[in-house]
Each structure stands twice: as structure tokens, then as C-alpha cells.
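S.K.: Pasting a structure here, questions to come.
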Amino acid sequence: MNGGWTVHLMVAPILLPLVVGAALLFVNERRRRLKAAFGAASSVALLLVAAALLRFADLPAEAGEATTGVYLLGNWPAPFGIVLVVDRLSALMLLLTAVLALPAQVFALGRWHRAAPHFHSLFQFLLMGVNGAFLTGDLFNLFVFFEVMLAASYGLVLHGSGRRRVKAGMHYIVINLVASFFLLIGVALIYGVTGTLNMADLALRIPAVAPEDRMLLEAGAAILGIAFLTKAGMWPLNFWLPTAYAAAAAPVAAMFAILTKVGVYILLRLSLLLFGEGAGAFAGFGADWLTVGGMLTVVFGTLGVLAARSLGRLTGYCVLVSSGTVLAAIGLEDPAVAGGALFYLVSSTLALSALFLLVELLERDLEQPEDEPDQVFADVEEDLEDEEDEVGVPVPATLAVLGLAFVGCTLLLAGMPPLSGFLGKFVMLSAALNPNGLGGGGQVSWQGWLLVPLLIISGLATMIAMMRAGIRRLWAPPEPIVPRVLIREAVPVAVLLAVGVVLTVLADPVMRYMADAAAALHAPTSYVETVLGKERLPGPRSAPSP
Amino acid sequence: MELVLALGIGVLVGSGVWLLLRPRTYQVIIGLSLISYAVNLFIFSMGRLRVDAPPVLGPAGSDLASYGDPVPQALVLTAIVIGFATTALFLVVLLASRGLTDTDHVDGQERQ
């Protein structure tokens, strides 16, 4: 990533979806194939870029090149301009986003992208917001990308219209708007106390904050945290989540699986960067809140999973269990636990995305007539129904294939061997019980003692609930209905689960990567130095620097 | 001036929160707007309240201490634009909900 055009590769995950999404707005809504092709091409390109960034971020530091990439937007040096930063964690999240995006888009080709106009544009804008939130190194810029992501998600949650979606979407929008106000207040308070918005600069200035300003700064950080905890779905800020996710169209919900993880990512990044061990009097601020809140979220999610009566809501509560587990693990502030949590985060997000797609396939023929899309703004799409309605072929083996996929999701989410969910949970448990490494002994903290039974019980509850739902739908339905499934709808589910299998097979290098990422997060000095030490590029007309 | 601003923000937030908790969508959107004004004022005040202190630098050589902090003003501009856009978007959803359910209750149905 020295010189040449590769310098600009870092900004591609933001620019590419922006350009493609904007260009697609001008394509006639009837040329859906063209739109879909462009959308998919953009996602493939994003996948390649994310893989390249991941390889760059994973270079060993001895190679004479820091593993943190910094991109100065507008060529302004770090504390003054906005910077993009890519390290192991952000590269990992970028790759995860791209891996989720492609199957969701292919799945939408089945019928969902015909449900309402501008699906592909909104999808690209969502990707832009998510990628931007993962890349940015500036607090206010984070707010902007958060809003881009949310604005696109408001459009997508309503995709397909219908009473249930509009109602759930309205609640979703109000709650996220209020959360955005919290975000703004928090950012403003932090700026008022420290006088900077750059995350790396903040990490340097926070230890030097005067004691009389301490309360203001902590209030700002806590208010900021509320905004991200709402997005991440921590109890008691999460009652909107299962309803909204269950109401969203399947490919949209599959992509929304990453949105809670955006909140988790930012909490992980900021709590360790700003309030890590080097933060003086502020070290460890909020960590216990994260642990306790995460555990309560797991409890709430587990109860919800057991109580849920539809597969959609069941999946929504699984989202809560997943993000609660990661939040609790982050709060332990132990690099080994965080490494396991990252592994768990990746595999559970993949499984959730696959499950959202699968649920739609299983329930599509059971839909109530109420779910027929009502036309609100009918004039937009009244003459779009000219393409032949493609009818899926009822494959005799459909149910068997779907059942197998359902078992795969269950194993991944409940954390049963042999799939990768088990490995992530096992690493977390082992690290929580062996604070000084395996066999090293050491005092297990009370958080560790609480986390272990919670993880095991939530896994068991997920297992029970999913088995019950699976038996009811697949083995003993009141009247056997074989859903009509197109190949292009089955393949995305299979691909997502296959990534889970790949994670299991390549567990050693992947786990090493996660451990490195977590270790780097817990020692943010090199991050701060790289960001603030980044030199401007020589401009074509600027005088050579003395 | 501090007291007036603080009272203003407080009144706006108080009314906004009260309206936000009301069951009609129109009240909710007015409440959101009020809160967004209060938040914008709050961001502005984080640059400290100064009179006669321009945020844009004049000719070189003048004293930096006589200038206001330009960053919160830029932040407010961004926040206004984004808040306005998302409120407009919510208005569309509000109308869609009204059209689908024939009621302006936030749950899409009147309480029995």
C-alpha cells in the first residue's frame, strides 16, 4: 500500500457503493436485471477490496510497515482533517459486510427486489454507511456515516410495504432518531471538554482532562454509549429490535444482521481506545456496565427465544443473544476473551443472516393474507408487473435441503460442535476461566463466573427453541406444505453456511488473526501514533517540504 | 445569556420529550423536531458562548483568541441538514401509516 493507486484503495469501500447506488437511481425501474447486475458487481468488488485490505492489515509489523493504514481525506493532517483508519478489526468487519451483502442481493433476485422500487440503490447506500462507520477515525464523521446507514435502513425496513412493516418501521425510525440525538449530545459534550473529535487525538487528551471536567466527559461518553447500545440492542434499549427485524423483508433482515454489530464494533473500538489501560483516571470506564448490560441482554434474549412463537421473532431474539454475548465479553477487558468474542461475532452474524433468509423460505407459503403488500404510493410501480412471474419448481428434496440448512444454523447459533459457533464460545469460556493462559491458574473474576453459565444456558435454550420450531415446521406440520424455492434463493443460504464451515476448517489462522486484532485493540499506542504521525502526500503543485 | 440559552434548551427538550411520548404520530414528529432544535443549540453552546467573535479567520496577524470556535458551528450545520432530512423521511412514513391504517395512532390501531 505504498504509492500508486493502491493508496486510495482504503476509500473504495465508501466511494464504490455511493457511486453505484447513485447511478442506479437514474436507471429505469423496469431494467431490474441491469440494476441487479450492477449491484452484484459492486458487492463483488467490495469483497475483493475488503480482502485486499485484510491482507494489508494482517502484514506482520516487522515488515517495516505499520499494520494500521491511514488515509487523510482532503490531504489534511490527522487531528484537523477527517481520517480513515484500517486495522485488523475494521478490515475484518469490512470483509464480513461484503460476505453478507452478496448472498442477500442474490436472494433478493428471487422476488424481493421486485416488491418496491430502488431496492438496489438503498442497499448500496446501506453498504456505504456501514463501511464508512467501520473505517472512520473521527467521531463526528462516525455520526454522519451512522446517519447514512440509518437513512438507507429506514427505506429498506419498509421495503415491500404492508401494515406490519410500516408499523414496525415507524417505531424503528423514531427510536433510531432519538438515539441519533443522544449521539449528537454525547459528541458535543466530548468536544466541549477535550476540544477534538479525532479518536486517536482523544485517546491522547483524555488522560489529561482536568478533574473538574471529569464528570462532563464521563456524562458525554455515557450518553454516546446509549446511542450505540440502542443500535447494538442492549437490554433495556432493545424492545424494538425483534419486531422490526421480523417485519423486514428477508434479504433486508439478512443485511440488518450486521447493523447491531456496527454498534458493537464502535463500543469495542471506543471503550478500549478512549478508556483503555492508558487512560489514567478514566481506565475501565463503563466496562462493568457493558458486562452487566450484555449479560442482562443474554438473559432477555434467551427468554425471548424460548417464548417466541414465530420463526421471525425467534431469529430476532437470537440477534439479541448474539450481541449481548459479545458485549458482555468486551466488558471483561481481556484480550483472549475478546479474541474469542470476535470469532463468535463473525460466525453468529453469518448464521443469523442465513437464518433470516431460511425463515422466509420456510414461511413463505404460510403467509397470512394480511401480509399482502398494500399499495400506498401505487403510482410509482403500477406498470412494473410486465415481466413474467417466475414460478419456482417444487423440488422433492426441498424440505430435506432446507432442514439441513436449519440444522446448520442451529448448530452455529447454539454453539454446538462441529461448527464454528462452538469454537468461538469455547475460546471465550476457556479464556474467562484461565485468566493467565491455559493451565496458568489465576483468580477468575466474578464477571467470568457469571459469563460461563450464561453462555452455556443461552446455548441450551437456543438449541431447545430451534429444535421445537424445526420439528413443528419441518417434521410435523399440521398440513405438509413444500415451499417453492428457487435455486438462486437456496444458494445464498448454502453459501453463508459454507463460510461457517470454512471458518471451522481454517480455525487456526482465523483464530490467530482474531487474537492479533484483539491484542492490538488492547494496546492502542501504535494505533494512535500511526494516525497522528501520518504525513501528508506531496501534492502536484505543493512546494517540496523543507 | 447562559441562563436564557439553558432555559430555552430545557423547555424545548421537556416539551419534545412530552410530545414524543404521546400516542399520535403528529405529536411525535413535532416532539422530534423540538428535540432536534434543542440538540442543535446544545452543540452550538459547546463552542462556548461569545459575543462579537467571528468564526472565520480574517487577515493574517490578528489574535486567535478573538475568534469563536468554528467547529461546533460546522457541526450544527451538518446536524441541521441530517435532522431535517430524517424528519422529512419520517413524515413520509407517517403518511403511509395513516393511509394504510386509517388512524394516526403510533401503533396503527386505537386502544380498545
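Each chain of the C-alpha cells is named A, B, ... in the order shown, its residues numbered from 1; ligands are numbered from 1 in display order.
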So that I can see what lies close to Arg364 of chain A, please list as an NGL selection string the residues with an atom at most 9 Å from it, counting only C-alpha atoms and leaving out residues fewer than 5 positions away in the same chain.
M.R.: :A and (359 or 483-484)
S.K.: Okay, now the selection with C-alpha atoms, as an mmCIF file, in the first residue's frame?
M.R.:
data_model
loop_
_atom_site.group_PDB
_atom_site.id
_atom_site.type_symbol
_atom_site.label_atom_id
_atom_site.label_comp_id
_atom_site.auth_asym_id
_atom_site.auth_seq_id
_atom_site.Cartn_x
_atom_site.Cartn_y
_atom_site.Cartn_z
ATOM 1 C CA VAL A 359 -37.108 -18.424 7.685
ATOM 2 C CA PRO A 483 -42.247 -24.372 -0.076
ATOM 3 C CA ARG A 484 -41.436 -23.455 -3.642
#
S.K.: Select residues of chain A: the criterion is any atom within 6 Å of an atom of chain B, counting only C-alpha atoms; output as a list in words.
M.R.: Val166, Ala188 and Gly192 of chain A
S.K.: Name all residues at most 7 Å from segment 229-241 of chain A (count only C-alpha atoms; drop same-chain ones fewer than 2 positions away) and give them as a ChimeraX atom specification.
M.R.: /A:171-172,179,225-227,243-245,260-261,263-264,293-294,296-297,316,320,323-324
S.K.: As number ranges by chain, please: the residues near segment 111-123 of chain A (cut-off 7 Å, only C-alpha atoms, same-chain neighbours under 3 positions excluded).
M.R.: A: 21-22, 24-25, 29, 35-36, 39, 108, 126-127, 152, 155-156, 159-160
S.K.: How many Å lie between atom CA of Ala520 of chain A and atom CA of Pro207 of chain A, rounded to one decimal?
M.R.: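 Computing the Euclidean distance for atom CA of Ala520 of chain A and atom CA of Pro207 of chain A yields 19.6 Å.
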